[in-house]
$ cat query_31.tsv   # TSV, C-alpha atoms
chain	number	residue	atom	x	y	z
G	1	MET	CA	18.99	-38.85	-34.88
G	2	THR	CA	20.99	-38.12	-31.76
G	3	PRO	CA	19.81	-39.30	-28.33
G	4	SER	CA	18.72	-35.74	-27.57
G	5	SER	CA	16.58	-35.36	-30.73
G	6	GLU	CA	15.06	-38.81	-30.05
G	7	TYR	CA	14.21	-37.70	-26.49
G	8	TRP	CA	12.25	-34.69	-27.76
G	9	ARG	CA	10.59	-36.76	-30.43
G	10	GLY	CA	9.48	-39.23	-27.73
G	11	ASN	CA	8.15	-36.28	-25.73
G	12	ARG	CA	6.01	-35.12	-28.66
G	13	ASP	CA	4.71	-38.66	-29.29
G	14	GLY	CA	3.90	-39.12	-25.59
G	15	LEU	CA	1.83	-35.94	-25.18
G	16	PRO	CA	-1.40	-37.09	-26.94
G	17	LEU	CA	-1.38	-40.25	-24.79
G	18	LEU	CA	-2.17	-38.04	-21.80
G	19	LEU	CA	-5.77	-38.02	-23.05
G	20	VAL	CA	-5.99	-41.68	-21.99
G	21	ILE	CA	-3.66	-41.55	-18.98
G	22	ALA	CA	-5.20	-38.58	-17.15
G	23	PRO	CA	-8.86	-39.79	-17.04
G	24	PHE	CA	-7.71	-43.35	-16.23
G	25	GLY	CA	-5.59	-42.13	-13.30
G	26	ALA	CA	-8.38	-39.86	-12.03
G	27	VAL	CA	-10.95	-42.68	-12.19
G	28	PHE	CA	-8.58	-44.95	-10.24
G	29	GLY	CA	-8.15	-42.25	-7.61
G	30	VAL	CA	-11.93	-41.80	-7.26
G	31	VAL	CA	-12.79	-45.53	-7.24
G	32	ALA	CA	-9.98	-46.43	-4.82
G	33	THR	CA	-11.00	-43.67	-2.42
G	34	GLU	CA	-14.67	-44.72	-2.63
G	35	ALA	CA	-13.55	-48.29	-1.87
G	36	GLY	CA	-12.02	-47.08	1.39
G	37	LEU	CA	-8.28	-46.62	0.72
G	38	ASP	CA	-6.61	-43.54	2.19
G	39	ILE	CA	-4.67	-41.13	-0.02
G	40	ALA	CA	-1.25	-42.60	0.87
G	41	GLN	CA	-2.42	-46.09	-0.16
G	42	VAL	CA	-3.99	-44.77	-3.37
G	43	MET	CA	-0.74	-42.97	-4.28
G	44	GLY	CA	1.24	-46.06	-3.20
G	45	PHE	CA	-0.58	-48.03	-5.89
G	46	SER	CA	0.02	-45.46	-8.64
G	47	VAL	CA	3.68	-44.77	-7.79
G	48	LEU	CA	4.88	-48.30	-6.90
G	49	VAL	CA	2.76	-50.34	-9.32
G	50	ILE	CA	2.13	-47.86	-12.20
G	51	ALA	CA	-0.11	-50.31	-14.07
G	52	GLY	CA	-3.71	-49.06	-14.23
G	53	ALA	CA	-5.34	-52.33	-15.28
G	54	ALA	CA	-3.66	-54.37	-12.51
G	55	GLN	CA	-4.44	-51.66	-9.95
G	56	PHE	CA	-8.13	-51.87	-10.87
G	57	VAL	CA	-8.03	-55.67	-10.65
G	58	ALA	CA	-6.43	-55.54	-7.19
G	59	LEU	CA	-8.98	-52.96	-6.07
G	60	GLN	CA	-11.94	-54.90	-7.45
G	61	MET	CA	-10.82	-58.09	-5.71
G	62	MET	CA	-10.20	-56.22	-2.45
G	63	VAL	CA	-13.77	-54.87	-2.67
G	64	GLU	CA	-14.90	-58.50	-3.13
G	65	HIS	CA	-12.92	-59.43	0.03
G	66	ALA	CA	-10.72	-61.99	-1.74
G	67	PRO	CA	-7.78	-63.35	0.30
G	68	ALA	CA	-4.66	-61.16	-0.05
G	69	LEU	CA	-2.70	-63.86	-1.92
G	70	ILE	CA	-5.50	-64.22	-4.47
G	71	VAL	CA	-5.63	-60.43	-4.91
G	72	LEU	CA	-1.91	-60.55	-5.68
G	73	ALA	CA	-2.11	-63.56	-8.01
G	74	ALA	CA	-4.93	-62.06	-10.09
G	75	SER	CA	-3.39	-58.60	-10.43
G	76	LEU	CA	0.06	-60.02	-11.22
G	77	ALA	CA	-1.59	-62.26	-13.84
G	78	VAL	CA	-2.88	-59.11	-15.57
G	79	ASN	CA	0.69	-57.79	-15.56
G	80	LEU	CA	2.17	-60.93	-17.13
G	81	ARG	CA	1.92	-58.98	-20.38
G	82	MET	CA	4.76	-56.81	-19.00
G	83	ALA	CA	7.02	-59.87	-19.26
G	84	MET	CA	6.00	-60.06	-22.91
G	85	TYR	CA	6.86	-56.37	-23.40
G	86	SER	CA	10.15	-56.97	-21.59
G	87	ALA	CA	10.97	-59.87	-23.92
G	88	SER	CA	10.01	-57.85	-26.96
G	89	LEU	CA	12.15	-54.84	-25.93
G	90	ALA	CA	15.18	-56.99	-25.00
G	91	PRO	CA	16.61	-57.16	-28.56
G	92	HIS	CA	16.36	-53.33	-28.82
G	93	LEU	CA	17.60	-52.24	-25.38
G	94	GLY	CA	19.47	-55.39	-24.25
G	95	ARG	CA	22.96	-54.02	-24.92
G	96	LEU	CA	22.60	-51.02	-22.57
G	97	PRO	CA	24.19	-51.07	-19.09
G	98	PHE	CA	22.07	-52.84	-16.48
G	99	TRP	CA	21.06	-49.69	-14.56
G	100	LYS	CA	19.63	-48.13	-17.73
G	101	ARG	CA	17.59	-51.27	-18.46
G	102	ALA	CA	16.45	-51.20	-14.81
G	103	LEU	CA	15.33	-47.57	-15.23
G	104	ALA	CA	13.47	-48.29	-18.50
G	105	SER	CA	11.73	-51.21	-16.74
G	106	TYR	CA	10.17	-48.90	-14.14
G	107	VAL	CA	8.45	-46.75	-16.83
G	108	MET	CA	7.44	-49.74	-19.00
G	109	VAL	CA	3.66	-49.35	-19.43
G	110	ASP	CA	1.27	-50.15	-22.28
G	111	GLN	CA	1.65	-46.68	-23.83
G	112	THR	CA	5.46	-46.32	-23.60
G	113	TYR	CA	5.91	-49.86	-24.90
G	114	ALA	CA	3.52	-49.41	-27.83
G	115	ALA	CA	5.04	-46.07	-28.90
G	116	ALA	CA	8.64	-47.32	-28.57
G	117	ILE	CA	8.27	-50.63	-30.40
G	118	LEU	CA	6.66	-48.80	-33.33
G	119	ARG	CA	9.58	-46.32	-33.47
G	120	TYR	CA	12.22	-49.09	-33.20
G	121	GLU	CA	10.64	-51.11	-35.99
G	122	ASN	CA	10.43	-48.07	-38.27
G	123	GLN	CA	13.99	-46.84	-37.45
G	124	PRO	CA	16.13	-49.99	-37.10
G	125	GLN	CA	19.38	-47.98	-37.42
G	126	LEU	CA	18.88	-46.14	-34.09
G	127	SER	CA	21.69	-46.61	-31.56
G	128	PRO	CA	20.78	-48.24	-28.21
G	129	GLN	CA	21.37	-44.83	-26.54
G	130	ALA	CA	18.95	-43.12	-28.94
G	131	ARG	CA	16.37	-45.88	-28.37
G	132	LEU	CA	16.55	-45.43	-24.61
G	133	ALA	CA	16.27	-41.63	-25.05
G	134	TYR	CA	13.09	-42.10	-27.11
G	135	PHE	CA	11.62	-44.46	-24.50
G	136	LEU	CA	12.32	-42.05	-21.64
G	137	GLY	CA	11.04	-39.18	-23.80
G	138	VAL	CA	7.64	-40.88	-24.17
G	139	ALA	CA	7.57	-41.66	-20.43
G	140	THR	CA	8.43	-38.09	-19.32
G	141	PRO	CA	4.93	-36.57	-19.75
G	142	ILE	CA	3.06	-39.83	-19.00
G	143	VAL	CA	4.42	-40.92	-15.63
G	144	PRO	CA	4.12	-37.62	-13.65
G	145	ILE	CA	0.62	-37.02	-15.06
G	146	TRP	CA	-0.33	-40.55	-13.98
G	147	TYR	CA	0.67	-39.68	-10.38
G	148	LEU	CA	-0.97	-36.26	-10.52
G	149	SER	CA	-4.29	-37.42	-12.00
G	150	THR	CA	-4.50	-40.22	-9.41
G	151	TRP	CA	-4.00	-37.65	-6.67
G	152	VAL	CA	-6.67	-35.32	-8.13
G	153	GLY	CA	-9.11	-38.26	-8.36
G	154	ALA	CA	-8.37	-39.31	-4.77
G	155	ALA	CA	-8.83	-35.74	-3.52
G	156	LEU	CA	-12.17	-35.43	-5.36
G	157	GLY	CA	-13.21	-38.99	-4.47
G	158	SER	CA	-15.15	-38.18	-1.34
G	159	ALA	CA	-16.98	-35.35	-3.16
G	160	VAL	CA	-18.52	-37.79	-5.69
G	161	PRO	CA	-22.17	-38.38	-4.67
G	162	ALA	CA	-23.17	-41.91	-3.63
G	163	GLY	CA	-25.47	-43.91	-5.92
G	164	LEU	CA	-23.64	-42.98	-9.14
G	165	PRO	CA	-22.66	-46.08	-11.19
G	166	ILE	CA	-18.95	-45.16	-10.79
G	167	ASP	CA	-18.08	-48.87	-10.26
G	168	PHE	CA	-18.76	-49.34	-13.95
G	169	ALA	CA	-15.84	-47.12	-14.98
G	170	VAL	CA	-13.69	-50.27	-14.70
G	171	PRO	CA	-15.48	-52.43	-17.31
G	172	ILE	CA	-15.78	-49.43	-19.65
G	173	THR	CA	-12.05	-48.67	-19.45
G	174	PHE	CA	-11.14	-52.34	-19.93
G	175	ILE	CA	-13.43	-52.68	-22.96
G	176	ALA	CA	-11.64	-49.65	-24.46
G	177	LEU	CA	-8.29	-51.43	-23.95
G	178	ILE	CA	-9.36	-54.95	-25.00
G	179	VAL	CA	-11.38	-54.40	-28.17
G	180	PRO	CA	-8.45	-52.87	-30.14
G	181	MET	CA	-6.37	-55.96	-29.18
G	182	LEU	CA	-8.81	-58.30	-30.96
G	183	ARG	CA	-7.10	-57.90	-34.33
G	184	THR	CA	-6.42	-61.56	-35.16
G	185	LEU	CA	-8.41	-64.81	-34.89
G	186	PRO	CA	-6.23	-66.22	-32.05
G	187	HIS	CA	-6.83	-63.02	-30.01
G	188	VAL	CA	-10.61	-63.37	-30.55
G	189	VAL	CA	-10.50	-67.08	-29.61
G	190	ALA	CA	-8.53	-66.30	-26.43
G	191	ALA	CA	-11.02	-63.58	-25.44
G	192	LEU	CA	-14.04	-65.87	-26.02
G	193	VAL	CA	-12.48	-68.73	-24.02
G	194	SER	CA	-11.71	-66.24	-21.25
G	195	ILE	CA	-15.37	-65.08	-21.10
G	196	LEU	CA	-16.82	-68.62	-21.24
G	197	GLY	CA	-14.28	-69.91	-18.72
G	198	ALA	CA	-15.00	-67.09	-16.28
G	199	LEU	CA	-18.73	-67.93	-16.40
G	200	LEU	CA	-18.21	-71.71	-16.30
G	201	PHE	CA	-15.75	-71.66	-13.36
G	202	ALA	CA	-17.42	-68.79	-11.48
G	203	GLY	CA	-18.26	-71.22	-8.64
G	204	LEU	CA	-14.61	-71.97	-7.75
G	205	PRO	CA	-13.46	-70.47	-4.42
G	206	PHE	CA	-10.99	-67.55	-4.03
G	207	ASN	CA	-11.66	-66.26	-7.57
G	208	LEU	CA	-9.59	-69.18	-8.87
G	209	GLY	CA	-12.12	-69.39	-11.71
G	210	LEU	CA	-10.50	-66.37	-13.36
G	211	MET	CA	-7.05	-67.96	-13.16
G	212	VAL	CA	-8.30	-71.22	-14.73
G	213	ALA	CA	-10.14	-69.27	-17.43
G	214	ALA	CA	-7.05	-67.15	-18.20
G	215	LEU	CA	-4.73	-70.17	-18.48
G	216	LEU	CA	-7.17	-71.97	-20.79
G	217	ALA	CA	-7.58	-68.80	-22.86
G	218	MET	CA	-3.81	-68.34	-23.29
G	219	MET	CA	-3.48	-71.96	-24.37
G	220	ALA	CA	-6.42	-71.58	-26.78
G	221	GLY	CA	-4.87	-68.44	-28.32
G	222	ALA	CA	-1.43	-70.02	-28.66
G	223	GLU	CA	-2.86	-73.24	-30.12
G	224	THR	CA	-5.03	-71.35	-32.65
G	225	GLU	CA	-1.98	-69.38	-33.74
G	226	ARG	CA	0.10	-72.57	-34.07
G	227	ARG	CA	-2.55	-74.25	-36.26
G	228	MET	CA	-2.95	-71.17	-38.46
G	229	THR	CA	0.81	-70.92	-38.98
G	230	LYS	CA	1.01	-74.63	-39.78
G	231	GLY	CA	-1.98	-74.27	-42.13
G	232	ARG	CA	-0.08	-71.64	-44.11
G	233	GLY	CA	2.84	-74.04	-44.37
G	234	ALA	CA	5.15	-71.61	-42.57
I	1	MET	CA	-12.08	-52.78	3.43
I	2	ILE	CA	-11.80	-55.95	5.53
I	3	TYR	CA	-8.00	-55.79	5.42
I	4	SER	CA	-5.82	-54.36	8.13
I	5	GLU	CA	-3.58	-51.36	7.37
I	6	TRP	CA	-0.48	-53.56	7.10
I	7	GLN	CA	-2.25	-56.08	4.82
I	8	ILE	CA	-3.16	-53.29	2.38
I	9	TRP	CA	0.44	-52.07	2.35
I	10	ALA	CA	1.68	-55.65	1.94
I	11	ILE	CA	-0.56	-56.01	-1.13
I	12	ILE	CA	0.66	-52.68	-2.58
I	13	LEU	CA	4.36	-53.40	-1.95
I	14	SER	CA	4.23	-57.01	-3.22
I	15	LEU	CA	2.26	-56.01	-6.30
I	16	GLY	CA	4.73	-53.17	-6.95
I	17	LEU	CA	7.75	-55.44	-6.54
I	18	GLY	CA	6.22	-58.31	-8.55
I	19	THR	CA	5.20	-55.99	-11.38
I	20	TYR	CA	8.67	-54.44	-11.47
I	21	LEU	CA	10.30	-57.89	-11.63
I	22	LEU	CA	7.99	-58.83	-14.54
I	23	ARG	CA	9.04	-55.64	-16.35
I	24	LEU	CA	12.72	-56.28	-15.64
I	25	SER	CA	12.53	-60.04	-16.33
I	26	PHE	CA	13.72	-60.49	-19.89
I	27	LEU	CA	15.20	-57.04	-20.35
I	28	GLY	CA	17.26	-57.37	-17.18
I	29	LEU	CA	18.32	-61.01	-17.23
I	30	ILE	CA	18.25	-62.20	-20.80
I	31	GLY	CA	19.46	-58.99	-22.44
I	32	SER	CA	19.63	-59.62	-26.16
I	33	ARG	CA	19.50	-63.44	-26.10
I	34	PRO	CA	16.48	-64.99	-27.94
I	35	MET	CA	13.51	-66.71	-26.23
I	36	PRO	CA	11.73	-70.00	-27.03
I	37	GLU	CA	8.96	-69.42	-29.53
I	38	TRP	CA	6.34	-71.36	-27.54
I	39	VAL	CA	6.81	-69.04	-24.55
I	40	LEU	CA	6.33	-65.94	-26.69
I	41	ARG	CA	3.29	-67.55	-28.30
I	42	HIS	CA	1.58	-67.92	-24.91
I	43	LEU	CA	2.69	-64.52	-23.60
I	44	ARG	CA	1.14	-62.81	-26.65
I	45	TYR	CA	-2.38	-63.71	-25.42
I	46	THR	CA	-1.98	-62.83	-21.75
I	47	ALA	CA	-3.91	-59.54	-21.83
I	48	VAL	CA	-6.84	-60.86	-23.90
I	49	ALA	CA	-6.95	-64.01	-21.75
I	50	VAL	CA	-7.30	-62.19	-18.42
I	51	MET	CA	-9.25	-58.99	-19.00
I	52	PRO	CA	-12.44	-60.28	-20.74
I	53	GLY	CA	-12.91	-62.95	-18.05
I	54	LEU	CA	-12.42	-60.34	-15.38
I	55	ILE	CA	-15.08	-57.90	-16.61
I	56	THR	CA	-17.72	-60.45	-17.75
I	57	PRO	CA	-19.15	-60.94	-14.21
I	58	LEU	CA	-18.92	-57.18	-13.54
I	59	ILE	CA	-21.14	-56.59	-16.59
I	60	LEU	CA	-23.60	-59.46	-16.11
I	61	PHE	CA	-23.83	-59.61	-12.29
I	62	PRO	CA	-22.90	-56.16	-10.88
I	63	GLN	CA	-22.31	-56.11	-7.12
I	64	ALA	CA	-23.99	-52.70	-6.86
I	65	THR	CA	-27.32	-54.36	-7.79
I	66	ASP	CA	-26.71	-57.52	-5.69
I	67	GLY	CA	-25.79	-59.54	-8.76
I	68	GLN	CA	-28.95	-58.77	-10.73
I	69	LEU	CA	-28.62	-58.06	-14.47
I	70	GLU	CA	-29.24	-54.35	-14.77
I	71	PRO	CA	-30.29	-52.46	-17.95
I	72	VAL	CA	-28.20	-49.28	-17.45
I	73	ARG	CA	-24.89	-51.12	-16.97
I	74	LEU	CA	-25.62	-53.74	-19.63
I	75	SER	CA	-26.58	-51.10	-22.24
I	76	ALA	CA	-23.51	-49.03	-21.37
I	77	ALA	CA	-21.27	-52.09	-21.85
I	78	LEU	CA	-22.81	-52.95	-25.24
I	79	ALA	CA	-22.61	-49.30	-26.35
I	80	THR	CA	-18.95	-49.15	-25.25
I	81	ILE	CA	-18.10	-52.25	-27.32
I	82	ALA	CA	-19.89	-50.73	-30.34
I	83	ILE	CA	-18.12	-47.35	-29.95
I	84	SER	CA	-14.76	-49.11	-29.62
I	85	LEU	CA	-15.32	-51.18	-32.78
I	86	TRP	CA	-16.46	-48.08	-34.62
I	87	THR	CA	-13.86	-45.50	-33.51
I	88	ARG	CA	-10.88	-47.77	-32.62
I	89	ASN	CA	-9.92	-44.96	-30.25
I	90	ALA	CA	-9.55	-45.60	-26.50
I	91	THR	CA	-10.22	-42.00	-25.45
I	92	LEU	CA	-13.42	-41.64	-27.51
I	93	THR	CA	-14.54	-45.07	-26.28
I	94	ILE	CA	-14.09	-44.19	-22.61
I	95	LEU	CA	-15.82	-40.82	-23.04
I	96	GLY	CA	-18.64	-42.36	-25.13
I	97	GLY	CA	-19.17	-45.26	-22.71
I	98	ALA	CA	-19.26	-42.90	-19.73
I	99	THR	CA	-21.77	-40.63	-21.54
I	100	VAL	CA	-24.13	-43.57	-22.23
I	101	LEU	CA	-23.72	-44.87	-18.65
I	102	PHE	CA	-24.48	-41.59	-16.89
I	103	GLY	CA	-27.06	-40.51	-19.52
I	104	LEU	CA	-29.09	-43.70	-18.98
I	105	HIS	CA	-28.56	-43.54	-15.21
I	106	PHE	CA	-30.20	-40.10	-15.01
I	107	ALA	CA	-32.82	-40.79	-17.72
I	108	LEU	CA	-34.04	-44.06	-16.14
I	109	GLY	CA	-33.21	-43.36	-12.51
$ encode --input "query_31.tsv" --output "structure tokens"
Amino acid sequence: MTPSSEYWRGNRDGLPLLLVIAPFGAVFGVVATEAGLDIAQVMGFSVLVIAGAAQFVALQMMVEHAPALIVLAASLAVNLRMAMYSASLAPHLGRLPFWKRALASYVMVDQTYAAAILRYENQPQLSPQARLAYFLGVATPIVPIWYLSTWVGAALGSAVPAGLPIDFAVPITFIALIVPMLRTLPHVVAALVSILGALLFAGLPFNLGLMVAALLAMMAGAETERRMTKGRGA
Amino acid sequence: MIYSEWQIWAIILSLGLGTYLLRLSFLGLIGSRPMPEWVLRHLRYTAVAVMPGLITPLILFPQATDGQLEPVRLSAALATIAISLWTRNATLTILGGATVLFGLHFALG
């Protein structure tokens, strides 16, 4: 299991993920163009942010004319999970030189993280070099196709007829990402508190209701987990 | 868009930088040192705490219909949840949800 064989293995594991990445990128390109962004701005999002969910959040809030700082706060809140991925990868990649960790950070997305952490847990004897090679191997097909599919969507965007319910691509894509995450009781509790909170605090200005709902939901999830762990005597 | 050109670029650049710093945070600064358990416990629920609250109003009060509950979008959302629970596959869920959405749109519209 040399770094080079791990790179190719990562490549093979990354290829099927294109089935999710390519439509997601294309839909972002279409929706962002329909919302009024020019192609440079659309590509700016996909190249500089490379986080589909947060890009959609930013776009949605821009369409709702939220103040720029609130747009930022809400979309960064969605990306807080990246800090969790970062923390979870630190024990596996933490001994590499800083510039290699900085490079891995740029291509840290849901799909590269999920594939890599599974590989690291199944192959604990991998060297840090081999782990990085696997990570970059998964990212190699994903990241360029993310750019390319965004560009194709943006180029087609103006050709999509008006009146189609294309706005609803966002909730559909998010449902597809959220439902598989609801695998434990604390996750379900957090999601329910998030929904109730969003409805209850919908009247707050500047979309602050979502922030309040999200904080309460995180606390509810963490507290449920703490009680369950205590209940098992662990 | 009500934002000026420079405001849009300011949003893109700040979001890009902020997201990168979140990705680099622990990997870049902490390296292989351990983190407090209570922090990890809260971070674990970030995604499920933000995303459901974000899409709930989009499903119940879509802007495209001036905030009125609308059968095509509501049915598509419920169908998408059902397909996701059934297939546990993001690609099939997105394709299935889109099929129901556009199918109902053309059948009822």
$ atom_distance --input "query_31.tsv" --atom1 "CA of Val48 (chain I)" --atom2 "CA of Leu29 (chain I)"
26.0 Å
$ closest_residue --input "query_31.tsv" --among "G:Gln60, G:Ser46, G:Ser194, G:Gln55" --to "chain I" --atoms "all atoms listed in the file"
G:Ser194
$ residues_around --input "query_31.tsv" --residues "region 116-119 of chain G" --least-positions-apart "4" --cutoff "8 Å" --atoms "only C-alpha atoms" --output "MDAnalysis selection string"
chainID G and resid 89 112 123 131 134:135 138
$ write_last_selection --input "query_31.tsv" --atoms "C-alpha atoms" --output "compact mmCIF listing (two decimals), in the frame of the given file"
# COMPACT_ATOMS: atom_id res chain seq x y z
CA LEU G 89 12.15 -54.84 -25.93
CA THR G 112 5.46 -46.32 -23.60
CA GLN G 123 13.99 -46.84 -37.45
CA ARG G 131 16.37 -45.88 -28.37
CA TYR G 134 13.09 -42.10 -27.11
CA PHE G 135 11.62 -44.46 -24.50
CA VAL G 138 7.64 -40.88 -24.17
$ closest_atom_pairs --input "query_31.tsv" --of "region 98-170 of chain G" --to "region 72-79 of chain I" --cutoff "10 Å" --atoms "only C-alpha atoms" --output "CSV"
residue,atom,partner,partner_atom,distance
G:Pro165,CA,I:Arg73,CA,8.0
G:Asp167,CA,I:Arg73,CA,9.8
G:Phe168,CA,I:Arg73,CA,7.1
$ axis_aligned_box --input "query_31.tsv" --around "region 21-35 of chain G" --padding-each-side "3 Å" --output "lines of an AutoDock Vina configuration file"
center_x = -9.2
center_y = -43.4
center_z = -10.4
size_x = 17.0
size_y = 15.7
size_z = 23.1
$ closest_atom_pairs --input "query_31.tsv" --of "chain G" --to "chain I" --cutoff "7 Å" --atoms "all atoms listed in the file" --output "tab-separated table"
residue	atom	partner	partner_atom	distance
G:Leu19	CA	I:Thr91	CA	6.4
G:Val20	CA	I:Thr91	CA	5.5
G:Gly36	CA	I:Met1	CA	6.1
G:Gly44	CA	I:Ile12	CA	6.7
G:Phe45	CA	I:Ile12	CA	5.8
G:Leu48	CA	I:Gly16	CA	4.9
G:Val49	CA	I:Gly16	CA	4.2
G:Val63	CA	I:Met1	CA	6.7
G:His65	CA	I:Ile2	CA	6.6
G:Ala68	CA	I:Ile11	CA	6.7
G:Leu72	CA	I:Leu15	CA	6.2
G:Leu76	CA	I:Thr19	CA	6.5
G:Val78	CA	I:Val50	CA	6.1
G:Asn79	CA	I:Thr19	CA	6.4
G:Leu80	CA	I:Thr46	CA	6.5
G:Arg81	CA	I:Thr46	CA	5.6
G:Met82	CA	I:Arg23	CA	5.2
G:Ala83	CA	I:Leu22	CA	4.9
G:Met84	CA	I:Leu43	CA	5.6
G:Ser86	CA	I:Leu27	CA	5.2
G:Ala87	CA	I:Phe26	CA	4.9
G:Leu89	CA	I:Leu27	CA	6.7
G:Ala90	CA	I:Leu27	CA	4.7
G:Pro91	CA	I:Ser32	CA	4.6
G:Gly94	CA	I:Gly31	CA	4.0
G:Arg95	CA	I:Gly31	CA	6.6
G:Phe98	CA	I:Gly28	CA	6.6
G:Arg101	CA	I:Gly28	CA	6.2
G:Ala102	CA	I:Leu24	CA	6.4
G:Ser105	CA	I:Arg23	CA	5.2
G:Tyr106	CA	I:Tyr20	CA	6.3
G:Met108	CA	I:Arg23	CA	6.7
G:Pro171	CA	I:Ile55	CA	5.5
G:Ile172	CA	I:Gly97	CA	6.2
G:Thr173	CA	I:Ile94	CA	5.8
G:Phe174	CA	I:Met51	CA	7.0
G:Ile175	CA	I:Ile81	CA	6.4
G:Ala176	CA	I:Ala90	CA	5.0
G:Leu177	CA	I:Ala90	CA	6.5
G:Ile178	CA	I:Val48	CA	6.5
G:Val179	CA	I:Ser84	CA	6.4
G:Pro180	CA	I:Arg88	CA	6.2
G:His187	CA	I:Tyr45	CA	6.4
G:Ala190	CA	I:Ala49	CA	5.4
G:Ala191	CA	I:Val48	CA	5.2
G:Ser194	CA	I:Gly53	CA	4.7
G:Ile195	CA	I:Gly53	CA	4.5
G:Ala198	CA	I:Gly53	CA	5.0
G:Leu210	CA	I:Gly53	CA	6.3
G:Ala213	CA	I:Gly53	CA	6.9
G:Ala214	CA	I:Ala49	CA	4.7
G:Ala217	CA	I:Ala49	CA	5.0
G:Met218	CA	I:Tyr45	CA	5.3
G:Met219	CA	I:His42	CA	6.5
G:Gly221	CA	I:Tyr45	CA	6.1
G:Ala222	CA	I:His42	CA	5.2
$ residues_around --input "query_31.tsv" --residues "Thr33 (chain G)" --least-positions-apart "4" --cutoff "12 Å" --atoms "all atoms listed in the file" --output "ChimeraX atom specification"
/G:26-29,37-43,45,59,63,150-160,166-167 /I:1
$ atom_distance --input "query_31.tsv" --atom1 "CA of Val189 (chain G)" --atom2 "CA of Glu225 (chain G)"
9.7 Å
$ atom_distance --input "query_31.tsv" --atom1 "CA of Asp66 (chain I)" --atom2 "CA of Met61 (chain G)"
15.9 Å
